[in-house]
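One structure is given here, and the rest of the page talks about it.
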2 protein chains.
Amino acid sequence: MSEYKAIGTPTPVLDGRDKITGQVQYATDIKIPGMLHGRLVTSPYAHATITSINAEAALALPGVVRVLTAADFPDIPPRNRNRLFLARGRVIFAGQPVALVLAETPAAAQDGAEQVWVEYESLTAVTTISEALAPGATLVWPGGKPGASGEAGAHGADVGDDDEEGEDSVAGPNIANGFVMKRGDITVGFAEADVIVERTFTTSMVHQSYLEPMTHVAVPDAYGNGITIYASTQAPFYAREQVAEVLDVPETAVRIIPTLPGGAFGGKFFLYESFVALAARAVGRPVSLNLTRSEEMLATNPAPAAEMRVKLGAKRDGTFVALQGDIKVDTGCFPSYHGVAGWLLGSYYQTPNLESRYTEVFTHKVSPAAYRAPGAPQATFALESVVDEMAQQLGIGPVELRLKNASKPGDPLADGKPWPVMGMTEVLQATQSHPLYQNRAEAQAKGRGVGIAIGGWPGGTEPTSAQAQLHRDGTLHVHIGSVDLTGTPAGFTLIAAETFGVSPDKVRIVYGDTSNMPYAGATGGSKITYMVGPSIIKACEDARQQVLTIAAEEMEADPADIEIVDGRVQVKGVPDKALGLGELAKKTMDFGAKYAPVVGNGRHANTEGAPGFCAQIAEVEVDRETGEVTVHRLVAIQDVGRVINPLTLEGQMQGGVMQGLGWALYEGMAFDEYGTPLTGSWVDYTVPHFSHAVPELEMVFVEVSAPHGPFGAKGAGEPPIIATAAAVANAIAAASNGRVTQLPMTAPRVLAALN
Amino acid sequence: MSEYKAIGTPTPVLDGRDKITGQVQYATDIKIPGMLHGRLVTSPYAHATITSINAEAALALPGVVRVLTAADFPDIPPRNRNRLFLARGRVIFAGQPVALVLAETPAAAQDGAEQVWVEYESLTAVTTISEALAPGATLVWPGGKPGASGEAGAHGADVGDDDEEGEDSVAGPNIANGFVMKRGDITVGFAEADVIVERTFTTSMVHQSYLEPMTHVAVPDAYGNGITIYASTQAPFYAREQVAEVLDVPETAVRIIPTLPGGAFGGKFFLYESFVALAARAVGRPVSLNLTRSEEMLATNPAPAAEMRVKLGAKRDGTFVALQGDIKVDTGCFPSYHGVAGWLLGSYYQTPNLESRYTEVFTHKVSPAAYRAPGAPQATFALESVVDEMAQQLGIGPVELRLKNASKPGDPLADGKPWPVMGMTEVLQATQSHPLYQNRAEAQAKGRGVGIAIGGWPGGTEPTSAQAQLHRDGTLHVHIGSVDLTGTPAGFTLIAAETFGVSPDKVRIVYGDTSNMPYAGATGGSKITYMVGPSIIKACEDARQQVLTIAAEEMEADPADIEIVDGRVQVKGVPDKALGLGELAKKTMDFGAKYAPVVGNGRHANTEGAPGFCAQIAEVEVDRETGEVTVHRLVAIQDVGRVINPLTLEGQMQGGVMQGLGWALYEGMAFDEYGTPLTGSWVDYTVPHFSHAVPELEMVFVEVSAPHGPFGAKGAGEPPIIATAAAVANAIAAASNGRVTQLPMTAPRVLAALN
């Protein structure tokens, strides 16, 4: 029997019915009188000079109101992608917005975009990492590189930004940023190794593939420079700050109204908000930019492709003695700060000798940003493949080898700092005892393969606040400032109910916009439950104390003798004098009432993240004729600190695993040698869907309590995507002896690995 | 030099420009997709049976969607006017809504309303107090009287509702409620008097005449029973509670979005919200009811007419020995709870023998509700006229006679409780020393008359809460739950700035709706500055303390050694290490930031009101041929406790005085003997306007600090309307020897008084 009344209760997503029945308002449902609809005119060239833009034909079309070009935007240095706005004389990726057509209807905007005639002079483009790093390569930024921290960095680890001890920076032509993290002597280490495994790996650019395309509606204030933006963003307060800086107005002159995101996965931190704001300001009318799927594939911010080399040396008994990693990320035309890849690669396992090199390389391609555990699936695919191969060569069980070398709390991270409390070992132990792992020989006997891999995420932090108000109908309203991506409100009702002492159905979680929400950081980095939860607890504890004080005065008792039972306050053990919470609230919300309203205040900050590990066991079958892979079972075993709401947690993990399966088998944005995108829609870019064989999924929770987490809980969003591709690759190797080193592991690639 | 930096700074109304330039959104600007427009079909009879309603012709008109009748509404007991909805078989006042036409456009709704054919059988109506009280009179409520507390009661004094000592209730046929408050022996008192003055008075029904007619838009939730209502209301949380009760849903299933009221003056507490909500629910579409001026005059809730008899006995030296009052209020078809009239009449002055009788009488007329100081202008007109006549008969100066008998803090009120701290004496002293009073003989010599009167208001109380958030642009946002009727936000910025220690331009006052505002009571009863102010102070003190704590940690100093100077925090006297408040906020609102967001929490309750007195000096000229009165000067001298913002305070007082002038000279809703309204628009109902001679106005502030008020301030909204009519009447008497006892004092009535 649980020590808790509410925590751990399976609770469905609160707005599930709204979503299923189509009652939810998304950003695209926002209709503002006088609103213009925008459509982008994008570059077909990866690198070119713009010689002319002729909008006459477009402007002659009925409904087309304006065609904006760079001349209509302020000439702000494009220090990151969200400040590139419209191309100014030169384009640096195919898909780059060159003009914005504004029209009375979306159809007119589309017609207009097809009638804007842009002339280009094509220039040499560098479209791969090797091209970009070749001596004498064309520079993506000949006049000086842009730089500033990006959204991926806001997901968890502050990596490669400052001069850490034992960390050298990497620089050079077309290099955006980079570092080397070292420990011991890598040469000595490999010399001591009995077995060395070394492999190179590639992963593809992958799109977050949220169902709802990015949508923003900007409504300029009637006068002055303020603006309201309805945005499908994960980061309203961050967006507010950025837009204000671009508009050169005080931050609070910008109001961001976050609409419910129809999926985001890290891709909707911030991209077109300032652009749409500037467009609206330029025309003095509300402007809506609701991207098409094609614009999504051309001109948003997917996950970067990577090229990786990993070399691992071990003693015969399985002790790792040296690890060398070299990760190169194709960061397109802007830095994307995926250095956490290099940091994780050097942190999962303990080895006395380490060298982890990370390099971001500019190319003439769209620049990436955050996608669920940004950088981790790539690095984990490479490292965990090599570890698997090592286990095979050593004849040690793959879990056992990992358990032998797994980092423990207090062990050094790649940057030398200590690991906080985390449960890598406990997750591996649970994996070890899982029947699918225990009985993997049975699968083998059926011609299948069972593979395992593990991945972890450091977990982000950002301050939060919350308020808890008691209302006359007996409900407790908890106001928070985050955005709901994953159904967290259901868990928050449990946290509030547990703390305040009522049943969860008496709790309402209230969201707002930047003008009325208490502050919370961006939703991303597996930190919403972890960081908002404690503010909710504090707010509810404060509210509870206020209730006890009022009840004590009403009942002429000591506050310590008051208890809240079944939605009523009473002197302990004297239920016949109980007062309903609604009745109590009425004594604080009425004409001439005696008591101040019950408003609990919660504020929380904490700079130590709670790392979360997730191991996965895949059982696969490989068609030796075609190379086609069928994943029969996928088990995800994750340390979540504390199960607050098993239903949303399981859903969250299932979603991550399925996305991981997309990375593993299906998804890859492709470009030709000129940098022209070949995957312009979901017709030629494949996401997992139900016509694929969906594996039997099993989610297993491990609970290693997080010291700062609410009831010990840690963020659960990022970990489940990290290890899937590696687990599937290892299962393929177990089934077929073929080692696939490229993502996605398409049938032709698998077939090639078999032969 | 003031002890304050911000308090007392003249600060213009913050949204003045928005209002002047038409940028403000009022309820009538709300357009919801699919919204229907409502128009009322009203009864031409004051009392009748409905024999049939035929909507066929209306429904045949293009755009008319539905015609609702009582059958479409739940059969809820009409315990007060806002639950009368549509007439069910019988009408009890002329103007009563009988049907609601819902159409796609306002014009179609209007056309439809003209084509709904209702047949009535007229019944005997009682339309005056004397008719209603005559033996055997037709009963307005033959089946049992309705009863519940009303909105007028929420303005200040809880009067006549319970069994106070020395307070008898009054009952009888067609009597809604009433009481007698007694002290000493009235017969003995009058026997001891040297001079007795006795008069009867009448006042008219007066409409609040806000510029914006009542407007409500109800939007039912897509499923479930919840609803959102955009309402031009003064009392969003009260409206929420009432609507929820009628809809039989939890209170928080109702969301009231208060739109900026275009004037309210007590009339917009709550009237058609539930009605519109039920209509929207009946048709399953959004419904807007935007009253016409004619509907306003027929079917809202103006101030009641009264008939009053006042008898005052005094010793030769001016000592009052007996006061008897008998106030009868025509409360139309529902109780309106104006008992504060009888309570004030017996409380302004001290006399050992008192009898104040108050009776509310049902008639077949529209029922009244709150209008700025509800009940006080009526009672004060009567009492202050009699006191003036007494001064004249005794040969004592009118201010001097009042000073001799004025109640002081601690003296008994009519109900025996003690007067709280208040400044009646100080206001009279300021009146005494004013040049217009001092030199009144000069006016007399020019054929003019100078008259004075005083009136007071107890001041309401209701709990409030507030939050103060510090943002990265260095602004402090103060979230409150009241509605802005009078420009209070300007004063609130001063209160917050003074408390937190920044300049007022760094403060923003943030309003919301019932789903996101911290609770505050209704805006009315002169209690917004008085009750919300302390919550703002507490929230800002809390936020300030948080800032000092963070700064102390950053600067490695003791919080007690930190100060806020010019928007920066610093160690006392060390400005070169100062940190901007925005920079400090950034340390609480950023990825990985160390400190919790600055969110100050303020909660306040206090059940002792702060009575406010306002004396007025009028200088008038009377045309002896026509009876026309010209008011040349009007001086209002008011105890405001503490001047927070002199500009809004002066505007507030000027508005009250001008409305008082409307009561005095122009305004009266008229009915014929059948109860048919004769004043159906502003063509035949006269409000003061600029074609009238506008007197020279002078506003004088007196500051008698309120113990619980913010910086000593007390509410200022109600007092300035109270004494105007009496001051003008007394000035007319001084100019002409004519004592006018009926409001409004139209030329024919003045002429009659002269002869």
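As shown in the structure tokens, the chain order sets the letters A, B, ...; within each chain, residues go from 1, and ligands are also counted from 1 in the order they appear.
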Hey, what's within 7 Å of Asn353 in chain B if we count only C-alpha atoms and toss same-chain stuff fewer than 6 positions away? As a VMD selection string, please? chain B and resid 183 to 186 189 321 to 323
With N, CA and C atoms retained, write the just-selected residues as a compact mmCIF listing (two decimals), in the first residue's frame.
```txt
# COMPACT_ATOMS: atom_id res chain seq x y z
N ARG B 183 -33.76 55.15 19.90
CA ARG B 183 -32.92 55.47 21.06
C ARG B 183 -33.74 56.44 21.92
N GLY B 184 -33.65 56.30 23.20
CA GLY B 184 -34.37 57.22 24.10
C GLY B 184 -35.88 57.16 23.88
N ASP B 185 -36.54 58.29 24.12
CA ASP B 185 -38.00 58.36 23.98
C ASP B 185 -38.34 59.56 23.13
N ILE B 186 -38.82 59.28 21.95
CA ILE B 186 -39.02 60.34 20.97
C ILE B 186 -40.06 61.36 21.44
N GLY B 189 -38.51 63.55 23.98
CA GLY B 189 -37.55 64.40 23.30
C GLY B 189 -38.21 65.61 22.68
N VAL B 321 -32.44 67.46 20.32
CA VAL B 321 -32.96 66.61 21.40
C VAL B 321 -33.81 65.45 20.88
N ALA B 322 -34.31 65.59 19.66
CA ALA B 322 -35.12 64.48 19.13
C ALA B 322 -35.11 64.51 17.62
N LEU B 323 -35.02 63.32 17.06
CA LEU B 323 -35.05 63.20 15.60
C LEU B 323 -35.92 62.01 15.24
```
Lys408 in chain A surroundings by only C-alpha atoms, 10 Å radius, close-in-sequence under 6 positions cut, as a PDB file with N, CA and C atoms, in the first residue's frame:
```
ATOM      1  N   TYR A 348      28.695   8.556 -19.713  1.00  0.00           N
ATOM      2  CA  TYR A 348      27.912   7.380 -19.325  1.00  0.00           C
ATOM      3  C   TYR A 348      28.772   6.373 -18.553  1.00  0.00           C
ATOM      4  N   TYR A 349      30.000   6.148 -19.070  1.00  0.00           N
ATOM      5  CA  TYR A 349      30.846   5.093 -18.499  1.00  0.00           C
ATOM      6  C   TYR A 349      32.111   5.700 -17.925  1.00  0.00           C
ATOM      7  N   GLN A 350      32.629   5.020 -16.934  1.00  0.00           N
ATOM      8  CA  GLN A 350      33.874   5.470 -16.307  1.00  0.00           C
ATOM      9  C   GLN A 350      35.060   4.811 -16.998  1.00  0.00           C
ATOM     10  N   PRO A 418      30.995  16.162 -10.815  1.00  0.00           N
ATOM     11  CA  PRO A 418      30.449  14.873 -10.390  1.00  0.00           C
ATOM     12  C   PRO A 418      29.027  14.636 -10.902  1.00  0.00           C
ATOM     13  N   TRP A 419      28.742  13.384 -11.182  1.00  0.00           N
ATOM     14  CA  TRP A 419      27.364  12.998 -11.483  1.00  0.00           C
ATOM     15  C   TRP A 419      26.487  13.262 -10.255  1.00  0.00           C
ATOM     16  N   PRO A 420      25.336  13.914 -10.434  1.00  0.00           N
ATOM     17  CA  PRO A 420      24.376  13.993  -9.313  1.00  0.00           C
ATOM     18  C   PRO A 420      23.757  12.620  -9.091  1.00  0.00           C
ATOM     19  N   VAL A 421      22.877  12.558  -8.099  1.00  0.00           N
ATOM     20  CA  VAL A 421      22.133  11.320  -7.857  1.00  0.00           C
ATOM     21  C   VAL A 421      21.454  10.883  -9.149  1.00  0.00           C
ATOM     22  N   MET A 422      21.650   9.640  -9.546  1.00  0.00           N
ATOM     23  CA  MET A 422      20.995   9.106 -10.745  1.00  0.00           C
ATOM     24  C   MET A 422      21.001   7.587 -10.671  1.00  0.00           C
ATOM     25  N   GLY A 423      20.232   6.980 -11.551  1.00  0.00           N
ATOM     26  CA  GLY A 423      19.974   5.553 -11.388  1.00  0.00           C
ATOM     27  C   GLY A 423      20.394   4.687 -12.554  1.00  0.00           C
ATOM     28  N   MET A 424      21.534   5.001 -13.175  1.00  0.00           N
ATOM     29  CA  MET A 424      21.967   4.192 -14.314  1.00  0.00           C
ATOM     30  C   MET A 424      22.126   2.726 -13.906  1.00  0.00           C
ATOM     31  N   THR A 425      22.733   2.518 -12.762  1.00  0.00           N
ATOM     32  CA  THR A 425      22.954   1.138 -12.305  1.00  0.00           C
ATOM     33  C   THR A 425      21.629   0.432 -12.034  1.00  0.00           C
ATOM     34  N   GLU A 426      20.725   1.107 -11.359  1.00  0.00           N
ATOM     35  CA  GLU A 426      19.432   0.501 -11.036  1.00  0.00           C
ATOM     36  C   GLU A 426      18.660   0.167 -12.309  1.00  0.00           C
TER      37      GLU A 426
END
```
For range 693-705 of chain A, list every protein, DNA or RNA residue within 6 Å, evaluated using only C-alpha atoms, and leave out those in the same chain fewer than 5 positions away; present the list as a PDB file with N, CA and C atoms, in the first residue's frame.
```
ATOM      1  N   GLY A 423      20.232   6.980 -11.551  1.00  0.00           N
ATOM      2  CA  GLY A 423      19.974   5.553 -11.388  1.00  0.00           C
ATOM      3  C   GLY A 423      20.394   4.687 -12.554  1.00  0.00           C
ATOM      4  N   VAL A 631      10.553  -4.996 -35.791  1.00  0.00           N
ATOM      5  CA  VAL A 631      10.789  -4.920 -34.346  1.00  0.00           C
ATOM      6  C   VAL A 631       9.580  -5.536 -33.668  1.00  0.00           C
ATOM      7  N   HIS A 632       9.760  -6.680 -33.054  1.00  0.00           N
ATOM      8  CA  HIS A 632       8.619  -7.355 -32.428  1.00  0.00           C
ATOM      9  C   HIS A 632       8.305  -6.804 -31.051  1.00  0.00           C
ATOM     10  N   ARG A 633       9.341  -6.542 -30.285  1.00  0.00           N
ATOM     11  CA  ARG A 633       9.098  -6.041 -28.921  1.00  0.00           C
ATOM     12  C   ARG A 633      10.086  -4.932 -28.609  1.00  0.00           C
ATOM     13  N   LEU A 634       9.593  -3.975 -27.855  1.00  0.00           N
ATOM     14  CA  LEU A 634      10.467  -2.912 -27.356  1.00  0.00           C
ATOM     15  C   LEU A 634      10.121  -2.700 -25.892  1.00  0.00           C
ATOM     16  N   VAL A 635      11.097  -2.895 -25.040  1.00  0.00           N
ATOM     17  CA  VAL A 635      10.889  -2.660 -23.605  1.00  0.00           C
ATOM     18  C   VAL A 635      11.724  -1.445 -23.211  1.00  0.00           C
ATOM     19  N   ALA A 636      11.091  -0.481 -22.567  1.00  0.00           N
ATOM     20  CA  ALA A 636      11.830   0.685 -22.083  1.00  0.00           C
ATOM     21  C   ALA A 636      11.804   0.661 -20.562  1.00  0.00           C
ATOM     22  N   ILE A 637      12.968   0.764 -19.975  1.00  0.00           N
ATOM     23  CA  ILE A 637      13.101   0.677 -18.513  1.00  0.00           C
ATOM     24  C   ILE A 637      13.730   1.984 -18.059  1.00  0.00           C
ATOM     25  N   GLN A 638      12.947   2.777 -17.352  1.00  0.00           N
ATOM     26  CA  GLN A 638      13.404   4.152 -17.123  1.00  0.00           C
ATOM     27  C   GLN A 638      13.337   4.533 -15.650  1.00  0.00           C
ATOM     28  N   ASP A 639      14.379   5.208 -15.215  1.00  0.00           N
ATOM     29  CA  ASP A 639      14.372   5.774 -13.861  1.00  0.00           C
ATOM     30  C   ASP A 639      13.642   7.112 -13.905  1.00  0.00           C
ATOM     31  N   VAL A 640      12.461   7.166 -13.268  1.00  0.00           N
ATOM     32  CA  VAL A 640      11.638   8.374 -13.280  1.00  0.00           C
ATOM     33  C   VAL A 640      11.619   9.037 -11.904  1.00  0.00           C
ATOM     34  N   GLY A 641      12.423   8.511 -10.990  1.00  0.00           N
ATOM     35  CA  GLY A 641      12.501   9.130  -9.666  1.00  0.00           C
ATOM     36  C   GLY A 641      11.342   8.723  -8.785  1.00  0.00           C
ATOM     37  N   ARG A 642      10.160   9.084  -9.245  1.00  0.00           N
ATOM     38  CA  ARG A 642       8.925   8.721  -8.532  1.00  0.00           C
ATOM     39  C   ARG A 642       7.818   8.746  -9.571  1.00  0.00           C
ATOM     40  N   GLY A 712      10.310  13.218  -5.161  1.00  0.00           N
ATOM     41  CA  GLY A 712      11.416  12.462  -5.729  1.00  0.00           C
ATOM     42  C   GLY A 712      11.386  12.324  -7.236  1.00  0.00           C
TER      43      GLY A 712
END
```
May I have the residues of chain B within 8 Å of chain A, counting only C-alpha atoms, written as JSON, numbers by chain? {"B": [23, 154, 222, 250, 251, 252, 460, 461, 462, 463, 464, 465, 469, 471, 472, 473, 475, 479, 510, 512, 515, 516, 518, 519, 520, 521, 588, 589, 590, 591, 592, 593, 594, 595, 596, 597, 598, 599, 601, 603, 604, 605, 606, 607]}
Mind giving me the straight-line distance from CA of Ile722 in chain A to CA of Asp317 in chain A in Å, one decimal? 27.5 Å
Val118 in chain B: which residues within 8 Å, counting only C-alpha atoms, same-chain residues fewer than 4 positions away excluded, as a PDB file with N, CA and C atoms, in the first residue's frame?
```pdb
ATOM      1  N   ILE B  50     -50.568  37.189 -19.161  1.00  0.00           N
ATOM      2  CA  ILE B  50     -50.231  36.918 -20.558  1.00  0.00           C
ATOM      3  C   ILE B  50     -51.140  35.798 -21.026  1.00  0.00           C
ATOM      4  N   THR B  51     -51.919  36.074 -22.072  1.00  0.00           N
ATOM      5  CA  THR B  51     -52.812  35.022 -22.550  1.00  0.00           C
ATOM      6  C   THR B  51     -52.224  34.265 -23.726  1.00  0.00           C
ATOM      7  N   SER B  52     -51.390  34.931 -24.513  1.00  0.00           N
ATOM      8  CA  SER B  52     -50.733  34.194 -25.600  1.00  0.00           C
ATOM      9  C   SER B  52     -49.508  34.944 -26.098  1.00  0.00           C
ATOM     10  N   ILE B  53     -48.573  34.182 -26.630  1.00  0.00           N
ATOM     11  CA  ILE B  53     -47.392  34.757 -27.289  1.00  0.00           C
ATOM     12  C   ILE B  53     -47.279  34.089 -28.635  1.00  0.00           C
ATOM     13  N   ASN B  54     -47.328  34.900 -29.695  1.00  0.00           N
ATOM     14  CA  ASN B  54     -47.250  34.352 -31.045  1.00  0.00           C
ATOM     15  C   ASN B  54     -45.987  34.867 -31.726  1.00  0.00           C
TER      16      ASN B  54
END
```
Considering only C-alpha atoms, return as an MDAnalysis selection string whatever protein or nucleic-acid residues lie within 12 Å of Val65 in chain A, sequence-local ones (same chain, fewer than 4 positions apart) excluded. chainID A and resid 34:39 55:56 58:61 100:106 108:109 112:113 283:285 287
Compile the contact shell of Ser356 in chain B as a count of residues only: residues with an atom at most 6 Å away, counting only C-alpha atoms, same-chain residues fewer than 5 positions apart removed. 6
Among range 427-498 of chain A, which residues does DSSP mark as strand (DSSP E or B) when it is run on the backbone? Keep the chain and numbering as in the structure and answer as JSON, numbers by chain. {"A": [449, 450, 451, 452, 453, 454, 455, 456, 457, 464, 465, 466, 467, 468, 469, 470, 476, 477, 478, 479, 480]}
Need to verify the contact set: Gly89 in chain B, 12 Å, only C-alpha atoms, exclusion of same-chain residues closer than 6 positions in sequence. Can you return it as a PDB file with C-alpha atoms, in the first residue's frame?
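Okay, result_3.pdb is ready:
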```pdb
ATOM      1  CA  SER B  43     -44.552  44.284 -21.489  1.00  0.00           C
ATOM      2  CA  HIS B  47     -49.643  44.268 -14.267  1.00  0.00           C
ATOM      3  CA  ALA B  48     -51.302  41.815 -16.584  1.00  0.00           C
ATOM      4  CA  THR B  49     -51.873  38.193 -17.392  1.00  0.00           C
ATOM      5  CA  ILE B  50     -50.231  36.918 -20.558  1.00  0.00           C
ATOM      6  CA  THR B  51     -52.812  35.022 -22.550  1.00  0.00           C
ATOM      7  CA  SER B  52     -50.733  34.194 -25.600  1.00  0.00           C
ATOM      8  CA  ILE B  53     -47.392  34.757 -27.289  1.00  0.00           C
ATOM      9  CA  THR B  69     -40.136  32.530 -23.791  1.00  0.00           C
ATOM     10  CA  ALA B  70     -40.376  31.477 -20.161  1.00  0.00           C
ATOM     11  CA  ALA B  71     -40.924  27.912 -21.297  1.00  0.00           C
ATOM     12  CA  ASP B  75     -38.618  27.494 -13.581  1.00  0.00           C
ATOM     13  CA  GLN B  96     -40.674  43.415 -18.025  1.00  0.00           C
ATOM     14  CA  PRO B  97     -39.069  41.066 -20.556  1.00  0.00           C
ATOM     15  CA  VAL B  98     -41.629  38.660 -21.982  1.00  0.00           C
ATOM     16  CA  ALA B  99     -39.701  37.154 -24.856  1.00  0.00           C
ATOM     17  CA  VAL B 118     -48.261  39.034 -27.092  1.00  0.00           C
ATOM     18  CA  GLU B 119     -51.807  39.209 -25.783  1.00  0.00           C
ATOM     19  CA  TYR B 120     -52.414  40.467 -22.284  1.00  0.00           C
ATOM     20  CA  GLU B 121     -55.317  40.809 -19.921  1.00  0.00           C
TER      21      GLU B 121
END
```
Option closest in space to Gly95 in chain B, from B:Pro146, B:Gly715, B:Pro44, B:Gly655 [counting only C-alpha atoms]: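 The closest residue to Gly95 in chain B is B:Pro44.
Minimum atom-to-atom distances from A:Ile536, A:Ala46, A:Leu394, A:Ala664 to Thr127 in chain A were compared using only C-alpha atoms, and the lowest value belongs to A:Ala46.
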Taking only C-alpha atoms into account, which of A:Asp411, A:Glu667, A:Glu619, A:Asp326 comes nearest Ala443 in chain A? A:Glu619
